[in-house]
Each structure stands twice: as structure tokens, then as C-alpha cells.
file start06.csv (CSV, C-alpha atoms)
chain,number,residue,atom,x,y,z
A,1,ASP,CA,59.4,135.8,101.4
A,2,ALA,CA,61.7,134.0,103.8
A,3,GLY,CA,65.3,133.9,103.0
A,4,VAL,CA,67.7,131.0,103.5
A,5,THR,CA,67.3,129.7,107.0
A,6,GLN,CA,69.8,127.6,109.0
A,7,SER,CA,69.6,125.8,112.2
A,8,PRO,CA,70.9,125.8,114.8
A,9,THR,CA,72.4,129.3,115.0
A,10,HIS,CA,75.1,128.2,117.5
A,11,LEU,CA,76.4,124.8,118.5
A,12,ILE,CA,79.1,123.6,120.9
A,13,LYS,CA,80.5,120.1,120.6
A,14,THR,CA,83.5,118.2,121.9
A,15,ARG,CA,86.2,116.5,119.8
A,16,GLY,CA,85.2,113.2,118.4
A,17,GLN,CA,81.5,114.0,118.4
A,18,HIS,CA,79.4,114.3,115.2
A,19,VAL,CA,77.1,117.2,114.2
A,20,THR,CA,74.2,117.8,111.8
A,21,LEU,CA,73.5,121.2,110.4
A,22,ARG,CA,70.3,122.1,108.6
A,23,CYS,CA,69.5,124.4,105.8
A,24,SER,CA,66.2,125.4,104.1
A,25,PRO,CA,66.6,127.2,100.8
A,26,ILE,CA,64.5,130.0,99.4
A,27,SER,CA,61.2,128.7,98.1
A,28,GLY,CA,61.6,127.6,94.5
A,29,HIS,CA,65.4,127.2,94.7
A,30,LYS,CA,66.7,123.8,93.8
A,31,SER,CA,70.4,124.2,94.5
A,32,VAL,CA,72.0,124.3,97.9
A,33,SER,CA,75.7,124.9,98.6
A,34,TRP,CA,77.7,124.6,101.8
A,35,TYR,CA,80.7,126.7,102.8
A,36,GLN,CA,83.0,126.7,105.8
A,37,GLN,CA,84.2,130.1,107.1
A,38,VAL,CA,87.0,129.9,109.6
A,39,LEU,CA,87.6,133.1,111.6
A,40,GLY,CA,89.5,135.7,109.6
A,41,GLN,CA,89.2,133.8,106.3
A,42,GLY,CA,86.9,133.8,103.4
A,43,PRO,CA,84.3,131.1,103.0
A,44,GLN,CA,85.5,127.8,101.5
A,45,PHE,CA,83.3,125.6,99.3
A,46,ILE,CA,82.4,122.2,100.8
A,47,PHE,CA,79.5,120.8,98.7
A,48,GLN,CA,76.9,121.7,96.1
A,49,TYR,CA,73.6,119.9,95.6
A,50,TYR,CA,71.2,120.3,92.8
A,51,GLU,CA,68.0,118.4,92.4
A,52,LYS,CA,69.0,116.1,95.3
A,53,GLU,CA,72.3,115.1,93.6
A,54,GLU,CA,75.8,116.1,94.6
A,55,ARG,CA,77.1,118.3,91.8
A,56,GLY,CA,80.4,119.4,93.4
A,57,ARG,CA,82.7,118.7,96.3
A,58,GLY,CA,85.5,120.9,97.7
A,59,ASN,CA,88.7,119.8,99.3
A,60,PHE,CA,87.3,118.5,102.5
A,61,PRO,CA,87.9,115.1,104.2
A,62,ASP,CA,85.3,112.2,104.1
A,63,ARG,CA,84.3,113.1,107.6
A,64,PHE,CA,82.1,115.8,105.8
A,65,SER,CA,79.0,114.6,104.1
A,66,ALA,CA,75.7,116.1,103.0
A,67,ARG,CA,72.4,115.3,101.4
A,68,GLN,CA,69.5,117.1,99.9
A,69,PHE,CA,65.9,116.1,100.5
A,70,PRO,CA,62.9,116.0,98.1
A,71,ASN,CA,61.8,119.4,99.5
A,72,TYR,CA,65.3,120.8,98.6
A,73,SER,CA,66.3,121.3,102.2
A,74,SER,CA,69.8,120.0,103.1
A,75,GLU,CA,71.8,118.6,105.9
A,76,LEU,CA,75.6,118.8,106.4
A,77,ASN,CA,77.1,116.1,108.6
A,78,VAL,CA,80.5,116.2,110.2
A,79,ASN,CA,81.9,113.1,112.0
A,80,ALA,CA,84.8,112.8,114.4
A,81,LEU,CA,84.9,116.5,115.0
A,82,LEU,CA,88.3,118.2,115.3
A,83,LEU,CA,89.2,121.5,116.9
A,84,GLY,CA,89.9,122.8,113.4
A,85,ASP,CA,86.3,122.3,112.4
A,86,SER,CA,85.3,125.3,114.6
A,87,ALA,CA,83.9,127.7,112.1
A,88,LEU,CA,80.8,129.5,110.7
A,89,TYR,CA,79.0,127.1,108.3
A,90,LEU,CA,77.1,128.9,105.6
A,91,CYS,CA,74.4,127.6,103.4
A,92,ALA,CA,73.6,129.3,100.1
A,93,SER,CA,70.7,128.6,97.8
A,94,SER,CA,70.3,129.4,94.1
A,95,LEU,CA,67.6,128.8,91.5
A,96,ILE,CA,69.9,127.0,89.0
A,97,ILE,CA,73.6,126.2,88.8
A,98,ARG,CA,74.4,127.1,85.2
A,99,SER,CA,75.9,130.4,84.0
A,100,TYR,CA,75.1,133.4,86.2
A,101,ASN,CA,73.4,132.3,89.3
A,102,GLU,CA,73.1,134.5,92.4
A,103,GLN,CA,73.7,132.6,95.6
A,104,PHE,CA,71.7,133.8,98.5
A,105,PHE,CA,73.4,133.1,101.8
A,106,GLY,CA,71.8,132.2,105.2
A,107,PRO,CA,73.0,133.7,108.5
A,108,GLY,CA,75.1,130.6,109.2
A,109,THR,CA,75.6,128.1,112.0
A,110,ARG,CA,78.5,128.9,114.3
A,111,LEU,CA,80.1,125.6,115.4
A,112,THR,CA,82.6,125.6,118.3
A,113,VAL,CA,84.5,122.4,119.0
A,114,LEU,CA,86.1,122.1,122.4
B,1,GLY,CA,94.8,126.9,90.2
B,2,GLU,CA,92.0,129.2,91.5
B,3,ASP,CA,93.0,131.9,94.0
B,4,VAL,CA,91.6,135.3,95.0
B,5,GLU,CA,93.8,137.9,96.8
B,6,GLN,CA,92.7,141.0,98.7
B,7,SER,CA,94.2,143.5,101.0
B,8,LEU,CA,93.0,142.8,104.5
B,9,PHE,CA,92.2,146.3,105.9
B,10,LEU,CA,91.0,149.7,104.7
B,11,SER,CA,90.2,152.7,106.8
B,12,VAL,CA,88.4,155.8,105.4
B,13,ARG,CA,86.6,158.9,106.7
B,14,GLU,CA,82.9,159.2,106.3
B,15,GLY,CA,82.0,160.9,103.0
B,16,ASP,CA,85.2,159.9,101.3
B,17,SER,CA,85.4,157.2,98.6
B,18,SER,CA,86.6,153.7,99.4
B,19,VAL,CA,88.4,151.5,96.9
B,20,ILE,CA,88.8,147.8,97.6
B,21,ASN,CA,91.1,145.9,95.3
B,22,CYS,CA,91.2,142.2,94.4
B,23,THR,CA,93.3,140.0,92.1
B,24,TYR,CA,92.2,136.6,90.8
B,25,THR,CA,94.0,133.9,88.9
B,26,ASP,CA,91.5,132.0,86.8
B,27,SER,CA,91.4,133.8,83.4
B,28,SER,CA,88.4,131.8,82.4
B,29,SER,CA,86.3,133.2,85.2
B,30,THR,CA,83.0,134.4,83.6
B,31,TYR,CA,81.5,136.2,86.6
B,32,LEU,CA,83.2,138.1,89.4
B,33,TYR,CA,81.3,139.1,92.6
B,34,TRP,CA,81.5,141.4,95.6
B,35,TYR,CA,79.9,140.3,98.8
B,36,LYS,CA,79.4,142.2,102.1
B,37,GLN,CA,79.5,140.6,105.5
B,38,GLU,CA,78.4,142.5,108.6
B,39,PRO,CA,79.4,141.3,112.1
B,40,GLY,CA,77.6,138.1,113.0
B,41,ALA,CA,75.7,137.9,109.7
B,42,GLY,CA,75.9,135.9,106.5
B,43,LEU,CA,77.0,137.2,103.1
B,44,GLN,CA,75.0,139.7,101.1
B,45,LEU,CA,75.6,140.0,97.3
B,46,LEU,CA,76.4,143.6,96.5
B,47,THR,CA,77.1,143.5,92.8
B,48,TYR,CA,78.7,141.3,90.1
B,49,ILE,CA,80.3,141.9,86.8
B,50,PHE,CA,80.4,139.7,83.7
B,51,SER,CA,83.9,139.1,82.3
B,52,ASN,CA,83.1,140.9,79.0
B,53,MET,CA,82.5,144.2,80.8
B,54,ASP,CA,85.1,146.7,82.0
B,55,MET,CA,82.9,148.7,84.3
B,56,LYS,CA,79.6,148.4,86.1
B,57,GLN,CA,77.9,151.1,88.1
B,58,ASP,CA,75.1,150.6,90.6
B,59,GLN,CA,74.2,153.7,92.7
B,60,ARG,CA,77.1,154.3,95.0
B,61,LEU,CA,79.0,151.3,93.8
B,62,THR,CA,81.4,151.1,90.8
B,63,VAL,CA,83.1,147.9,89.8
B,64,LEU,CA,86.1,148.0,87.5
B,65,LEU,CA,87.5,145.0,85.8
B,66,ASN,CA,91.0,144.8,84.2
B,67,LYS,CA,90.9,141.3,82.6
B,68,LYS,CA,94.5,141.6,81.3
B,69,ASP,CA,95.8,142.1,84.8
B,70,LYS,CA,93.1,140.0,86.4
B,71,HIS,CA,92.3,142.9,88.7
B,72,LEU,CA,88.9,143.8,90.1
B,73,SER,CA,88.1,146.8,92.2
B,74,LEU,CA,85.0,148.0,94.1
B,75,ARG,CA,84.6,151.8,94.6
B,76,ILE,CA,82.1,153.0,97.2
B,77,ALA,CA,81.2,156.7,96.8
B,78,ASP,CA,80.3,158.8,99.8
B,79,THR,CA,81.2,156.1,102.3
B,80,GLN,CA,78.9,156.0,105.3
B,81,THR,CA,79.5,154.4,108.8
B,82,GLY,CA,76.9,151.8,107.8
B,83,ASP,CA,79.3,150.6,105.1
B,84,SER,CA,81.7,149.3,107.8
B,85,ALA,CA,81.9,145.6,107.1
B,86,ILE,CA,84.1,142.9,105.5
B,87,TYR,CA,84.0,142.9,101.7
B,88,PHE,CA,84.7,139.7,99.8
B,89,CYS,CA,85.7,139.4,96.2
B,90,ALA,CA,84.7,136.1,94.7
B,91,GLU,CA,85.0,134.3,91.4
B,92,LYS,CA,82.9,131.5,90.0
B,93,GLY,CA,84.9,128.3,90.3
B,94,ARG,CA,84.7,124.9,88.9
B,95,TYR,CA,86.1,123.1,91.9
B,96,GLY,CA,85.1,119.5,92.1
B,97,GLY,CA,83.0,119.7,88.9
B,98,SER,CA,80.6,122.1,90.4
B,99,GLN,CA,79.2,124.7,88.0
B,100,GLY,CA,78.3,127.1,90.7
B,101,ASN,CA,80.7,127.2,93.6
B,102,LEU,CA,82.4,130.4,94.5
B,103,ILE,CA,86.0,131.0,95.3
B,104,PHE,CA,86.4,133.8,97.9
B,105,GLY,CA,89.2,136.0,98.9
B,106,LYS,CA,90.1,136.5,102.6
B,107,GLY,CA,88.1,139.7,102.8
B,108,THR,CA,88.9,143.4,103.3
B,109,LYS,CA,87.7,144.9,106.5
B,110,LEU,CA,86.5,148.4,105.8
B,111,SER,CA,86.4,150.8,108.8
B,112,VAL,CA,84.6,154.1,108.3
B,113,LYS,CA,85.5,156.8,110.8
B,114,PRO,CA,83.0,159.6,111.5
call {"tool": "encode", "arguments": {"input": "start06.csv", "output": "C-alpha cells"}}
result
Amino acid sequence: DAGVTQSPTHLIKTRGQHVTLRCSPISGHKSVSWYQQVLGQGPQFIFQYYEKEERGRGNFPDRFSARQFPNYSSELNVNALLLGDSALYLCASSLIIRSYNEQFFGPGTRLTVL
Amino acid sequence: GEDVEQSLFLSVREGDSSVINCTYTDSSSTYLYWYKQEPGAGLQLLTYIFSNMDMKQDQRLTVLLNKKDKHLSLRIADTQTGDSAIYFCAEKGRYGGSQGNLIFGKGTKLSVKP
């Protein structure tokens, strides 16, 4: 079975541009979460979606938005890019969001903002 | 608030045991996790422990939980060069109303010398 897939793998943008990152969860998983991992740091929670509804939002500005589609894939959008947005963006999927739920991570999209 | 602390580096010789330590702040955390990240890769769940347990063993991995001190450790027996990676401690958070987001430490870089 395919794991969590993310596209693109690498991306270079300039300040002020916007970017769309994509994630396909493991088949049957209905929850997708997004994390930002800046170099040398642990991943930080951005959003969680379950059944196409936002279920949680981390401490990120409104420039960050996301959505989940009927097939449970997800997009993360970032507007007005800043240099500090350069990071590895990780997507994780899980079957459910209650109690114990193992999150399976994709390989990430590395975004560089110049 | 929610916070997870880890030491940043650990160096061991092949065949020795490695012990990676972590402290967390949220006493209501129900699950605590250890993830492994190899260079250029996403996160792989190694093991987890439920808060009502003191210890969990899984092949070469032993997790110890001291709930009173909010201290978690991961012991890797017979450490191999393939264990070289960054290890993240994580607790299940409730940030932004999410029931499933994870709060990660900054990661401990384990170097295994032959």
C-alpha cells in the first residue's frame, strides 16, 4: 500500500509569492495534519482536518490556509511568502483523531523562499 | 502550556546502549511518542507509551515513563550505525482544539561511531 505522498518534493519561491502544497493520505485515512519543520527544530503543528472540516489550528498567521477535498487529499496554501517560511512541510494522515491515533508522515515538501 | 524538551546531541559506539531523554510539561498527556527522522526523510513512528504505563519494551527499544517527574526516555540496545538519526519525543496536544496534533521536542541527534 502506498504511504502518505506529498508534492512537490522541493520548491523555490521568492518573497511575496504564494505556494500550494499537496498531500494524499493513506487510503482509508480521513484525517490530515500539516506541520512546519524549520531546520534544526522539531515539527510545529499548523492544521488538522478531519472529514473535510478544520479540527485544529496552530499558532500560524492567516497567510496560512488549508483545505481537505472529498477524496481526503489536502492542500496547504501560504500567501505573501516570507524568508522565515523556508522549511520542510510535513503532512501526516491518520485513521481517526480520537484517543490513540498513529499519525503516518509523508516525506515532506522542502520550501525555500529567496 | 505545552512544551517538550530534549538534549540535542548524543554520541555512542556501535554495540553500546543509547539513552535519549525527554521532559514534557502537560501532565494530562495521555500518549507520548518517539519518532525517528533520517536525513532527507519524513518522520517514522518508533514506539509510543500510554500514560498509565511505566515501561514498554519493543525488541531493542525500551521506553520508560516517570509521570511524577514528567520524564520520558528511550533506550536503544545494541545500537547500530543504522540507528544514526534524529529522535523526536512528542506528546499529544490539544492546541487549537485539535484532538490529534502532536507537540514535538527539538530532537536529539544520535551519532553512532563504528
call {"tool": "residues_around", "arguments": {"input": "start06.csv", "residues": "A:Ser73", "least_positions_apart": "4", "cutoff": "7 Å", "atoms": "all atoms listed in the file", "output": "VMD selection string"}}
result
chain A and resid 23 to 25 68 to 69
call {"tool": "residues_around", "arguments": {"input": "start06.csv", "residues": "A:Ala80", "least_positions_apart": "2", "cutoff": "9 Å", "atoms": "all atoms listed in the file", "output": "list of chain:residue names"}}
result
A:Arg15, A:Gly16, A:Gln17, A:His18, A:Val19, A:Arg63, A:Val78, A:Leu82
call {"tool": "interface_residues", "arguments": {"input": "start06.csv", "of": "chain A", "to": "chain B", "cutoff": "12 Å", "atoms": "all atoms listed in the file", "output": "mmCIF file with C-alpha atoms, in the coordinates of the input"}}
result
data_model
loop_
_atom_site.group_PDB
_atom_site.id
_atom_site.type_symbol
_atom_site.label_atom_id
_atom_site.label_comp_id
_atom_site.auth_asym_id
_atom_site.auth_seq_id
_atom_site.Cartn_x
_atom_site.Cartn_y
_atom_site.Cartn_z
ATOM 1 C CA GLY A 3 65.300 133.900 103.000
ATOM 2 C CA VAL A 4 67.700 131.000 103.500
ATOM 3 C CA THR A 5 67.300 129.700 107.000
ATOM 4 C CA GLN A 6 69.800 127.600 109.000
ATOM 5 C CA THR A 9 72.400 129.300 115.000
ATOM 6 C CA HIS A 10 75.100 128.200 117.500
ATOM 7 C CA SER A 31 70.400 124.200 94.500
ATOM 8 C CA VAL A 32 72.000 124.300 97.900
ATOM 9 C CA SER A 33 75.700 124.900 98.600
ATOM 10 C CA TRP A 34 77.700 124.600 101.800
ATOM 11 C CA TYR A 35 80.700 126.700 102.800
ATOM 12 C CA GLN A 36 83.000 126.700 105.800
ATOM 13 C CA GLN A 37 84.200 130.100 107.100
ATOM 14 C CA VAL A 38 87.000 129.900 109.600
ATOM 15 C CA LEU A 39 87.600 133.100 111.600
ATOM 16 C CA GLY A 40 89.500 135.700 109.600
ATOM 17 C CA GLN A 41 89.200 133.800 106.300
ATOM 18 C CA GLY A 42 86.900 133.800 103.400
ATOM 19 C CA PRO A 43 84.300 131.100 103.000
ATOM 20 C CA GLN A 44 85.500 127.800 101.500
ATOM 21 C CA PHE A 45 83.300 125.600 99.300
ATOM 22 C CA ILE A 46 82.400 122.200 100.800
ATOM 23 C CA PHE A 47 79.500 120.800 98.700
ATOM 24 C CA GLN A 48 76.900 121.700 96.100
ATOM 25 C CA TYR A 49 73.600 119.900 95.600
ATOM 26 C CA TYR A 50 71.200 120.300 92.800
ATOM 27 C CA GLU A 53 72.300 115.100 93.600
ATOM 28 C CA GLU A 54 75.800 116.100 94.600
ATOM 29 C CA ARG A 55 77.100 118.300 91.800
ATOM 30 C CA GLY A 56 80.400 119.400 93.400
ATOM 31 C CA ARG A 57 82.700 118.700 96.300
ATOM 32 C CA GLY A 58 85.500 120.900 97.700
ATOM 33 C CA ASN A 59 88.700 119.800 99.300
ATOM 34 C CA PHE A 60 87.300 118.500 102.500
ATOM 35 C CA LEU A 88 80.800 129.500 110.700
ATOM 36 C CA TYR A 89 79.000 127.100 108.300
ATOM 37 C CA LEU A 90 77.100 128.900 105.600
ATOM 38 C CA CYS A 91 74.400 127.600 103.400
ATOM 39 C CA ALA A 92 73.600 129.300 100.100
ATOM 40 C CA SER A 93 70.700 128.600 97.800
ATOM 41 C CA SER A 94 70.300 129.400 94.100
ATOM 42 C CA LEU A 95 67.600 128.800 91.500
ATOM 43 C CA ILE A 96 69.900 127.000 89.000
ATOM 44 C CA ILE A 97 73.600 126.200 88.800
ATOM 45 C CA ARG A 98 74.400 127.100 85.200
ATOM 46 C CA SER A 99 75.900 130.400 84.000
ATOM 47 C CA TYR A 100 75.100 133.400 86.200
ATOM 48 C CA ASN A 101 73.400 132.300 89.300
ATOM 49 C CA GLU A 102 73.100 134.500 92.400
ATOM 50 C CA GLN A 103 73.700 132.600 95.600
ATOM 51 C CA PHE A 104 71.700 133.800 98.500
ATOM 52 C CA PHE A 105 73.400 133.100 101.800
ATOM 53 C CA GLY A 106 71.800 132.200 105.200
ATOM 54 C CA PRO A 107 73.000 133.700 108.500
ATOM 55 C CA GLY A 108 75.100 130.600 109.200
ATOM 56 C CA THR A 109 75.600 128.100 112.000
ATOM 57 C CA ARG A 110 78.500 128.900 114.300
#
call {"tool": "residues_around", "arguments": {"input": "start06.csv", "residues": "B:Gln80", "least_positions_apart": "5", "cutoff": "10 Å", "atoms": "all atoms listed in the file", "output": "list in words"}}
result
Val12, Arg13, Glu14, Gly15, Asp16, Ser17, Ser18, Ser111, Val112, Lys113 and Pro114 of chain B
call {"tool": "atom_distance", "arguments": {"input": "start06.csv", "atom1": "atom CA of A:Ser74", "atom2": "atom CA of A:Leu11"}}
result
17.4 Å
call {"tool": "atom_distance", "arguments": {"input": "start06.csv", "atom1": "atom CA of A:Tyr72", "atom2": "atom CA of A:Thr20"}}
result
16.2 Å
call {"tool": "atom_distance", "arguments": {"input": "start06.csv", "atom1": "atom CA of B:Asp69", "atom2": "atom CA of B:Ser27"}}
result
9.5 Å
call {"tool": "closest_residue", "arguments": {"input": "start06.csv", "among": "B:Ser11, B:Asp78, B:Gln6, B:Asn21", "to": "B:Leu65", "atoms": "only C-alpha atoms"}}
result
B:Asn21
call {"tool": "residues_around", "arguments": {"input": "start06.csv", "residues": "B:Leu74", "least_positions_apart": "6", "cutoff": "6 Å", "atoms": "all atoms listed in the file", "output": "PyMOL selection string"}}
result
chain B and resi 19-20+62-63
call {"tool": "closest_residue", "arguments": {"input": "start06.csv", "among": "A:Leu21, A:Leu114, A:Lys30, A:Pro61", "to": "A:Asn77", "atoms": "only C-alpha atoms"}}
result
A:Leu21
call {"tool": "build_atoms", "arguments": {"input": "start06.csv", "residues": "stretch 58-72 of chain A", "atoms": "N, CA, C and O atoms", "output": "mmCIF file, in the frame of the given file"}}
result
data_model
loop_
_atom_site.group_PDB
_atom_site.id
_atom_site.type_symbol
_atom_site.label_atom_id
_atom_site.label_comp_id
_atom_site.auth_asym_id
_atom_site.auth_seq_id
_atom_site.Cartn_x
_atom_site.Cartn_y
_atom_site.Cartn_z
ATOM 1 N N GLY A 58 84.235 120.189 97.458
ATOM 2 C CA GLY A 58 85.500 120.900 97.700
ATOM 3 C C GLY A 58 86.512 119.975 98.326
ATOM 4 O O GLY A 58 86.294 118.765 98.496
ATOM 5 N N ASN A 59 87.635 120.561 98.723
ATOM 6 C CA ASN A 59 88.700 119.800 99.300
ATOM 7 C C ASN A 59 88.563 119.581 100.778
ATOM 8 O O ASN A 59 89.276 120.154 101.591
ATOM 9 N N PHE A 60 87.606 118.766 101.129
ATOM 10 C CA PHE A 60 87.300 118.500 102.500
ATOM 11 C C PHE A 60 87.383 116.957 102.728
ATOM 12 O O PHE A 60 87.064 116.199 101.813
ATOM 13 N N PRO A 61 87.774 116.510 103.935
ATOM 14 C CA PRO A 61 87.900 115.100 104.200
ATOM 15 C C PRO A 61 86.517 114.378 104.159
ATOM 16 O O PRO A 61 85.467 115.027 104.232
ATOM 17 N N ASP A 62 86.568 113.045 104.107
ATOM 18 C CA ASP A 62 85.300 112.200 104.100
ATOM 19 C C ASP A 62 84.503 112.335 105.321
ATOM 20 O O ASP A 62 83.365 111.851 105.345
ATOM 21 N N ARG A 63 85.052 112.935 106.361
ATOM 22 C CA ARG A 63 84.300 113.100 107.600
ATOM 23 C C ARG A 63 83.074 114.079 107.312
ATOM 24 O O ARG A 63 82.114 114.117 108.059
ATOM 25 N N PHE A 64 83.191 114.840 106.238
ATOM 26 C CA PHE A 64 82.100 115.800 105.800
ATOM 27 C C PHE A 64 81.238 115.073 104.817
ATOM 28 O O PHE A 64 81.742 114.519 103.829
ATOM 29 N N SER A 65 79.938 115.129 105.059
ATOM 30 C CA SER A 65 79.000 114.600 104.100
ATOM 31 C C SER A 65 77.741 115.451 104.108
ATOM 32 O O SER A 65 77.516 116.222 105.043
ATOM 33 N N ALA A 66 76.949 115.308 103.079
ATOM 34 C CA ALA A 66 75.700 116.100 103.000
ATOM 35 C C ALA A 66 74.694 115.367 102.196
ATOM 36 O O ALA A 66 74.992 114.362 101.530
ATOM 37 N N ARG A 67 73.478 115.851 102.282
ATOM 38 C CA ARG A 67 72.400 115.300 101.400
ATOM 39 C C ARG A 67 71.363 116.398 101.236
ATOM 40 O O ARG A 67 71.270 117.344 102.028
ATOM 41 N N GLN A 68 70.579 116.201 100.180
ATOM 42 C CA GLN A 68 69.500 117.100 99.900
ATOM 43 C C GLN A 68 68.195 116.300 99.821
ATOM 44 O O GLN A 68 68.166 115.229 99.228
ATOM 45 N N PHE A 69 67.170 116.827 100.423
ATOM 46 C CA PHE A 69 65.900 116.100 100.500
ATOM 47 C C PHE A 69 64.951 116.494 99.396
ATOM 48 O O PHE A 69 65.184 117.494 98.702
ATOM 49 N N PRO A 70 63.863 115.711 99.218
ATOM 50 C CA PRO A 70 62.900 116.000 98.100
ATOM 51 C C PRO A 70 62.348 117.450 98.204
ATOM 52 O O PRO A 70 61.977 118.016 97.182
ATOM 53 N N ASN A 71 62.297 118.054 99.398
ATOM 54 C CA ASN A 71 61.800 119.400 99.500
ATOM 55 C C ASN A 71 62.927 120.450 99.303
ATOM 56 O O ASN A 71 62.726 121.644 99.539
ATOM 57 N N TYR A 72 64.103 119.963 98.893
ATOM 58 C CA TYR A 72 65.300 120.800 98.600
ATOM 59 C C TYR A 72 66.037 121.286 99.816
ATOM 60 O O TYR A 72 67.072 121.937 99.667
#
